[in-house]
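Engineer: Supplied structure: data-v1.cif, mmCIF, C-alpha atoms.
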data_data
loop_
_atom_site.group_PDB
_atom_site.id
_atom_site.type_symbol
_atom_site.label_atom_id
_atom_site.label_comp_id
_atom_site.auth_asym_id
_atom_site.auth_seq_id
_atom_site.Cartn_x
_atom_site.Cartn_y
_atom_site.Cartn_z
ATOM 1 C CA ALA A 1 -28.089 9.091 36.913
ATOM 2 C CA GLU A 2 -27.110 6.770 39.691
ATOM 3 C CA ALA A 3 -25.764 3.323 38.873
ATOM 4 C CA ASN A 4 -24.679 0.070 40.439
ATOM 5 C CA ALA A 5 -21.703 -1.542 38.704
ATOM 6 C CA ALA A 6 -22.233 -5.288 38.228
ATOM 7 C CA PHE A 7 -19.123 -5.875 36.122
ATOM 8 C CA PRO A 8 -16.369 -3.535 34.942
ATOM 9 C CA GLY A 9 -17.771 -1.457 32.107
ATOM 10 C CA ASP A 10 -21.380 -2.529 32.756
ATOM 11 C CA PHE A 11 -23.871 -0.627 34.837
ATOM 12 C CA ARG A 12 -27.550 -0.619 35.656
ATOM 13 C CA ALA A 13 -29.254 2.708 36.259
ATOM 14 C CA THR A 14 -31.224 2.746 39.496
ATOM 15 C CA SER A 15 -32.632 6.212 38.849
ATOM 16 C CA ILE A 16 -32.508 8.845 36.147
ATOM 17 C CA GLU A 17 -33.275 12.525 36.675
ATOM 18 C CA PHE A 18 -33.807 15.024 33.876
ATOM 19 C CA GLU A 19 -33.145 18.707 34.344
ATOM 20 C CA ASP A 20 -35.817 20.649 32.528
ATOM 21 C CA GLY A 21 -35.464 24.261 31.525
ATOM 22 C CA PRO A 22 -37.806 26.900 32.837
ATOM 23 C CA SER A 23 -41.488 26.243 32.238
ATOM 24 C CA GLU A 24 -44.092 28.478 30.583
ATOM 25 C CA GLY A 25 -44.886 31.541 32.692
ATOM 26 C CA GLN A 26 -42.003 30.922 35.090
ATOM 27 C CA GLU A 27 -39.962 33.864 36.345
ATOM 28 C CA ILE A 28 -36.537 33.901 34.777
ATOM 29 C CA HIS A 29 -33.329 35.876 35.319
ATOM 30 C CA VAL A 30 -30.881 36.320 32.450
ATOM 31 C CA GLN A 31 -27.580 38.183 32.563
ATOM 32 C CA GLY A 32 -25.144 38.793 29.741
ATOM 33 C CA ILE A 33 -24.189 40.711 26.627
ATOM 34 C CA ILE A 34 -26.849 41.826 24.162
ATOM 35 C CA SER A 35 -26.538 40.350 20.671
ATOM 36 C CA GLY A 36 -28.830 40.147 17.667
ATOM 37 C CA TYR A 37 -30.436 43.458 18.563
ATOM 38 C CA VAL A 38 -33.387 44.221 16.284
ATOM 39 C CA SER A 39 -35.562 46.362 18.556
ATOM 40 C CA THR A 40 -36.622 46.795 22.176
ATOM 41 C CA ALA A 41 -39.026 43.934 21.501
ATOM 42 C CA LYS A 42 -36.390 41.561 20.077
ATOM 43 C CA PHE A 43 -32.802 40.976 21.143
ATOM 44 C CA ILE A 44 -30.780 38.116 22.594
ATOM 45 C CA VAL A 45 -29.064 37.734 25.969
ATOM 46 C CA ALA A 46 -27.335 34.484 26.972
ATOM 47 C CA GLY A 47 -29.075 32.601 24.169
ATOM 48 C CA ARG A 48 -32.568 33.775 25.169
ATOM 49 C CA THR A 49 -34.770 36.036 23.062
ATOM 50 C CA ILE A 50 -35.872 39.068 25.078
ATOM 51 C CA ASP A 51 -38.897 41.340 24.630
ATOM 52 C CA ALA A 52 -38.341 44.451 26.758
ATOM 53 C CA SER A 53 -41.063 46.579 25.139
ATOM 54 C CA ALA A 54 -42.998 46.774 28.430
ATOM 55 C CA ALA A 55 -39.984 46.725 30.791
ATOM 56 C CA GLU A 56 -38.753 49.242 33.324
ATOM 57 C CA PHE A 57 -35.085 50.174 32.950
ATOM 58 C CA GLY A 58 -32.400 50.796 35.558
ATOM 59 C CA ASP A 59 -29.187 52.751 34.954
ATOM 60 C CA GLY A 60 -30.307 53.503 31.416
ATOM 61 C CA LYS A 61 -33.288 53.631 29.091
ATOM 62 C CA ALA A 62 -34.710 51.624 26.198
ATOM 63 C CA SER A 63 -32.754 53.683 23.667
ATOM 64 C CA ASP A 64 -29.511 52.464 25.330
ATOM 65 C CA LEU A 65 -30.174 48.875 24.213
ATOM 66 C CA ARG A 66 -27.722 47.731 21.527
ATOM 67 C CA ASP A 67 -25.352 44.898 20.738
ATOM 68 C CA GLY A 68 -22.459 44.675 23.176
ATOM 69 C CA ARG A 69 -24.216 46.208 26.201
ATOM 70 C CA VAL A 70 -24.260 44.103 29.364
ATOM 71 C CA VAL A 71 -27.676 43.745 30.983
ATOM 72 C CA ASP A 72 -29.447 41.934 33.771
ATOM 73 C CA VAL A 73 -32.989 40.944 32.721
ATOM 74 C CA GLU A 74 -35.857 39.778 34.933
ATOM 75 C CA GLY A 75 -39.134 38.618 33.461
ATOM 76 C CA ARG A 76 -41.350 35.651 32.613
ATOM 77 C CA LEU A 77 -40.963 33.041 29.890
ATOM 78 C CA TYR A 78 -43.805 32.846 27.343
ATOM 79 C CA GLY A 79 -43.544 30.962 24.063
ATOM 80 C CA GLY A 80 -39.768 30.733 24.407
ATOM 81 C CA ILE A 81 -39.433 34.514 24.768
ATOM 82 C CA VAL A 82 -38.518 36.299 27.997
ATOM 83 C CA ARG A 83 -41.066 39.095 28.500
ATOM 84 C CA ALA A 84 -38.886 41.427 30.549
ATOM 85 C CA LYS A 85 -40.354 43.364 33.452
ATOM 86 C CA HIS A 86 -37.008 44.914 34.422
ATOM 87 C CA VAL A 87 -33.740 45.492 32.556
ATOM 88 C CA GLU A 88 -30.713 46.740 34.456
ATOM 89 C CA PHE A 89 -27.682 48.022 32.553
ATOM 90 C CA LYS A 90 -24.326 46.912 33.967
#
Take the structure in the file and write it out as structure tokens.
Structural biologist:
Amino acid sequence: AEANAAFPGDFRATSIEFEDGPSEGQEIHVQGIISGYVSTAKFIVAGRTIDASAAEFGDGKASDLRDGRVVDVEGRLYGGIVRAKHVEFK
């Protein structure tokens, strides 16, 4: 927000901008440590639920997915879930 101070401690907002998260269908890139691993179709990276059931894998394969592995995920966001198109092991 931007503000003009009229008196000490008082301000009037002249504009407010909200930062939205990614929108439905938007490409998204997530990098981090896998946690909450249930299956290839359900695990968490950087607070995002990932479905990598249809993904291509680099420097590893689907069976290498497990808690504690570091991955770089590219995909699209649908219904709050990242549908991965590519997962790269780091």
Engineer: Name the residues captured by the PyMOL selection byres ((chain A and resi 80) around 10) when it is applied to the shown file; answer as number ranges by chain.
Structural biologist: A: 22-25, 48-50, 76-79, 81-83
Engineer: Residues picked by the PyMOL selection byres ((chain A and resi 32) around 10) here, as a short mmCIF file (atom, residue, chain, number, x, y, z; two decimals) with C-alpha atoms, in the coordinates of the input?
Structural biologist:
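Contents of expr_24.cif, freshly written:
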data_model
loop_
_atom_site.label_atom_id
_atom_site.label_comp_id
_atom_site.auth_asym_id
_atom_site.auth_seq_id
_atom_site.Cartn_x
_atom_site.Cartn_y
_atom_site.Cartn_z
CA VAL A 30 -30.88 36.32 32.45
CA GLN A 31 -27.58 38.18 32.56
CA ILE A 33 -24.19 40.71 26.63
CA ILE A 34 -26.85 41.83 24.16
CA SER A 35 -26.54 40.35 20.67
CA ILE A 44 -30.78 38.12 22.59
CA VAL A 45 -29.06 37.73 25.97
CA ALA A 46 -27.34 34.48 26.97
CA GLY A 47 -29.08 32.60 24.17
CA GLY A 68 -22.46 44.68 23.18
CA ARG A 69 -24.22 46.21 26.20
CA VAL A 70 -24.26 44.10 29.36
CA VAL A 71 -27.68 43.74 30.98
CA ASP A 72 -29.45 41.93 33.77
CA VAL A 73 -32.99 40.94 32.72
CA PHE A 89 -27.68 48.02 32.55
CA LYS A 90 -24.33 46.91 33.97
#
Engineer: Can you list what the PyMOL selection byres ((chain A and resi 41) around 7) grabs from this structure, as a VMD selection string?
Structural biologist: chain A and resid 39 to 40 42 to 43 50 to 53
Engineer: Quick one, how far is atom CA of A:Arg66 from atom CA of A:Ala84?
Structural biologist: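 Interatomic distance, atom CA of A:Arg66 to atom CA of A:Ala84: 15.7 Å.
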Engineer: Given 3 Å on each side, where is the centre and what are the edge lengths in Å to one decimal of the axis-aligned box enclosing the listed atoms of stretch 46-53 of chain A, as JSON?
Structural biologist:
{"center_x": -34.2, "center_y": 39.6, "center_z": 25.0, "size_x": 19.7, "size_y": 20.0, "size_z": 9.9}
Engineer: Record the distance separating atom CA of A:Ser63 and atom CA of A:Gly36, expressed in Å with one decimal.
Structural biologist: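 Separating atom CA of A:Ser63 from atom CA of A:Gly36 is a distance of 15.3 Å.
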Engineer: Nearest residue to A:Gln26 out of A:Asp67, A:Ala54, A:Gly75, A:Ala62, using all atoms listed in the file?
Structural biologist: A:Gly75
Engineer: Quick check, in Å to one decimal: how far apart do atom CA of A:Phe57 and atom CA of A:His86 lie?
Structural biologist: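 Interatomic distance here is 5.8 Å.
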